[in-house]
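Novice: Before I ask anything, let me first share the structure, which is written out below as structure tokens.
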Amino acid sequence: MPKFKVGLAQISPALGDLESNLKIHLEYISQAKKAGLDLLVFPELSLTGYFLKDLNASVALPRGDKKILGPLKTASRDLDLVVGFVEEDERHRFFIATAYLAGEEIKHLHRKVYLPTYGMFSDGRFFSPGDGFSTFPTKFG
């Protein structure tokens, strides 16, 4: 297996501001490309911020979103990306989702399975749990 360079984007997204957070993502992606990275990983809910509570409906993206996910798909032409967001499914359920983007498309979508409901975390009150784990092929394996 060939070696590859991975970057971890430590960002502080603005709560509920998709457009602002998209700009942050695109800036980090530009820096990552200049640094010769092969894969850039953003945090959970990187496009929305974390403690959304009842804002989840207003920031949720359908899988076919073009306004926010579109520019990230385009950016994945030369650099694989992992981004986090709130996904809304066809039944209008909300999930904490992570997408693996490569070659200008979503190669894999994972919905968070184990939602915490203790202390300051209330994910289980506002989101539906995913239903499993699966592997998927990438150019790295």
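Labeling convention for the structure tokens: chains A, B, ... as they appear, residues from 1 per chain, ligands from 1 in order of appearance.
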Using only C-alpha atoms, find each residue in range 20-52 of chain A having at least one atom no more than 10 Å away from range 111-124 of chain A; report its shortest atom-to-atom pair and that distance in Å (one decimal), rows by chain then rising number, as CSV.
Specialist:
residue,atom,partner,partner_atom,distance
A:Glu44,CA,A:Lys112,CA,9.5
A:Tyr50,CA,A:Asp123,CA,9.5
A:Phe51,CA,A:Phe121,CA,8.1
A:Leu52,CA,A:Asp123,CA,9.1
Novice: Excluding Thr98 in chain A and its own-chain neighbours fewer than 4 positions away, which residues fall within 6 Å of it when counting only C-alpha atoms? Please give them as a list in words.
Specialist: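 Within the cut-off, the hits are Val83, Gly84, Leu109 and His110 of chain A.
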Novice: Atoms to include: all heavy atoms. Write the selected residues as a PDB file, in the first residue's frame.
Specialist:
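Heads up, here's the output in again-v7.pdb:
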ATOM      1  N   VAL A  83     -16.300  15.162   6.042  1.00  0.00           N
ATOM      2  CA  VAL A  83     -16.988  16.324   6.591  1.00  0.00           C
ATOM      3  C   VAL A  83     -18.204  15.880   7.391  1.00  0.00           C
ATOM      4  O   VAL A  83     -18.800  14.847   7.110  1.00  0.00           O
ATOM      5  CB  VAL A  83     -17.418  17.325   5.488  1.00  0.00           C
ATOM      6  CG1 VAL A  83     -16.211  17.839   4.713  1.00  0.00           C
ATOM      7  CG2 VAL A  83     -18.430  16.713   4.544  1.00  0.00           C
ATOM      8  N   GLY A  84     -18.569  16.687   8.393  1.00  0.00           N
ATOM      9  CA  GLY A  84     -19.704  16.356   9.241  1.00  0.00           C
ATOM     10  C   GLY A  84     -20.822  17.371   9.117  1.00  0.00           C
ATOM     11  O   GLY A  84     -20.585  18.565   8.981  1.00  0.00           O
ATOM     12  N   LEU A 109     -21.601   7.498   3.340  1.00  0.00           N
ATOM     13  CA  LEU A 109     -22.262   8.335   4.336  1.00  0.00           C
ATOM     14  C   LEU A 109     -22.487   7.480   5.583  1.00  0.00           C
ATOM     15  O   LEU A 109     -23.042   6.389   5.499  1.00  0.00           O
ATOM     16  CB  LEU A 109     -23.604   8.841   3.817  1.00  0.00           C
ATOM     17  CG  LEU A 109     -24.295   9.785   4.789  1.00  0.00           C
ATOM     18  CD1 LEU A 109     -23.858  11.217   4.510  1.00  0.00           C
ATOM     19  CD2 LEU A 109     -25.783   9.664   4.685  1.00  0.00           C
ATOM     20  N   HIS A 110     -22.005   7.990   6.713  1.00  0.00           N
ATOM     21  CA  HIS A 110     -22.195   7.293   7.985  1.00  0.00           C
ATOM     22  C   HIS A 110     -23.075   8.136   8.887  1.00  0.00           C
ATOM     23  O   HIS A 110     -22.868   9.347   9.011  1.00  0.00           O
ATOM     24  CB  HIS A 110     -20.854   7.029   8.681  1.00  0.00           C
ATOM     25  CG  HIS A 110     -21.029   6.440  10.044  1.00  0.00           C
ATOM     26  ND1 HIS A 110     -21.389   5.124  10.232  1.00  0.00           N
ATOM     27  CD2 HIS A 110     -20.946   6.990  11.273  1.00  0.00           C
ATOM     28  CE1 HIS A 110     -21.506   4.888  11.528  1.00  0.00           C
ATOM     29  NE2 HIS A 110     -21.244   6.014  12.181  1.00  0.00           N
TER      30      HIS A 110
END
Novice: Using only C-alpha atoms for the distances, tell me which of A:Phe95, A:Ala75, A:Phe133, A:Gly141 is nearest to Ser30 in chain A.
Specialist: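 Selected residue with least distance to Ser30 in chain A: A:Ala75.
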Novice: Within chain A, find each residue whose DSSP state, derived from the backbone, is strand (DSSP E), and express the selection as a PyMOL selection string.
Specialist: chain A and resi 6-8+39-41+80-88+94-102+105-111
Novice: Which residue is closest to Ile68 in chain A? Choose from A:Lys53, A:Lys23, A:Lys107, A:Arg93 and count only C-alpha atoms.
Specialist: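 Of all the options, A:Lys23 lies closest to Ile68 in chain A.
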Novice: With distances taken over only C-alpha atoms, which residue among A:Gly36, A:Ser76, A:Glu19, A:Leu26 lies nearest Phe4 in chain A?
Specialist: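 Smallest separation from Phe4 in chain A among the options: A:Gly36.
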Novice: With a distance cut-off of 12 Å and only C-alpha atoms, select the neighbouring residues of Lys139 in chain A, excluding the residue or stretch itself and same-chain residues fewer than 5 positions from it, and output the selection as number ranges by chain.
Specialist: A: 1-4, 38-39, 78-80, 100-103, 107
Novice: For the structure I just gave you, how does DSSP split chain A - specifically, which residues are helix (DSSP H, G or I)? Reply as number ranges by chain.
Specialist: A: 18-34, 53-59, 69-75, 123-126
Novice: Skipping near chain neighbours, those fewer than 3 positions away, what residues fall within 9 Å of Asp89 in chain A using only C-alpha atoms, listed as a list of chain:residue names?
Specialist: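 The contact residues come out as A:Leu61, A:Pro62, A:Arg63, A:His92, A:Arg93, A:Phe94, A:Phe95.
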Novice: Counting only C-alpha atoms, which residue out of A:Leu15, A:Ile106, A:Val6, A:Leu69 sits closest to Leu45 in chain A?
Specialist: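 Closest residue, counting only C-alpha atoms: A:Leu15.
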Novice: List as a list of chain:residue names the protein and nucleic acid residues near Pro13 in chain A, meaning an atom at most 7 Å away when only C-alpha atoms are counted, but skip any in the same chain fewer than 5 places from it.
Specialist: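 My reading of the contact set: A:Asn21, A:Ser46, A:Leu47, A:Thr48, A:Gly49.
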Novice: Please produce a file of the residues just selected, as a short mmCIF file (atom, residue, chain, number, x, y, z; two decimals), in the first residue's frame, where the atoms kept are N, CA and C atoms.
Specialist:
data_model
loop_
_atom_site.label_atom_id
_atom_site.label_comp_id
_atom_site.auth_asym_id
_atom_site.auth_seq_id
_atom_site.Cartn_x
_atom_site.Cartn_y
_atom_site.Cartn_z
N ASN A 21 -19.34 28.36 7.60
CA ASN A 21 -18.58 27.14 7.84
C ASN A 21 -18.08 26.51 6.54
N SER A 46 -18.96 19.45 11.49
CA SER A 46 -18.08 20.57 11.13
C SER A 46 -18.78 21.65 10.31
N LEU A 47 -19.82 21.30 9.59
CA LEU A 47 -20.53 22.30 8.78
C LEU A 47 -21.61 23.05 9.55
N THR A 48 -21.92 22.59 10.76
CA THR A 48 -23.03 23.19 11.51
C THR A 48 -22.67 23.67 12.91
N GLY A 49 -21.59 23.16 13.47
CA GLY A 49 -21.32 23.35 14.88
C GLY A 49 -22.00 22.21 15.65
#
Novice: Which is closer to Gly130 in chain A than all the others in A:Leu22, A:Glu88, A:Glu105, A:Leu55, using only C-alpha atoms?
Specialist: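 Closest to Gly130 in chain A, using only C-alpha atoms: A:Glu88.
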Novice: As an exercise, work out the distance from CA of Val41 in chain A to CA of Gln10 in chain A in Å and give it to one decimal place.
Specialist: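 We find that CA of Val41 in chain A and CA of Gln10 in chain A lie 8.9 Å from each other.
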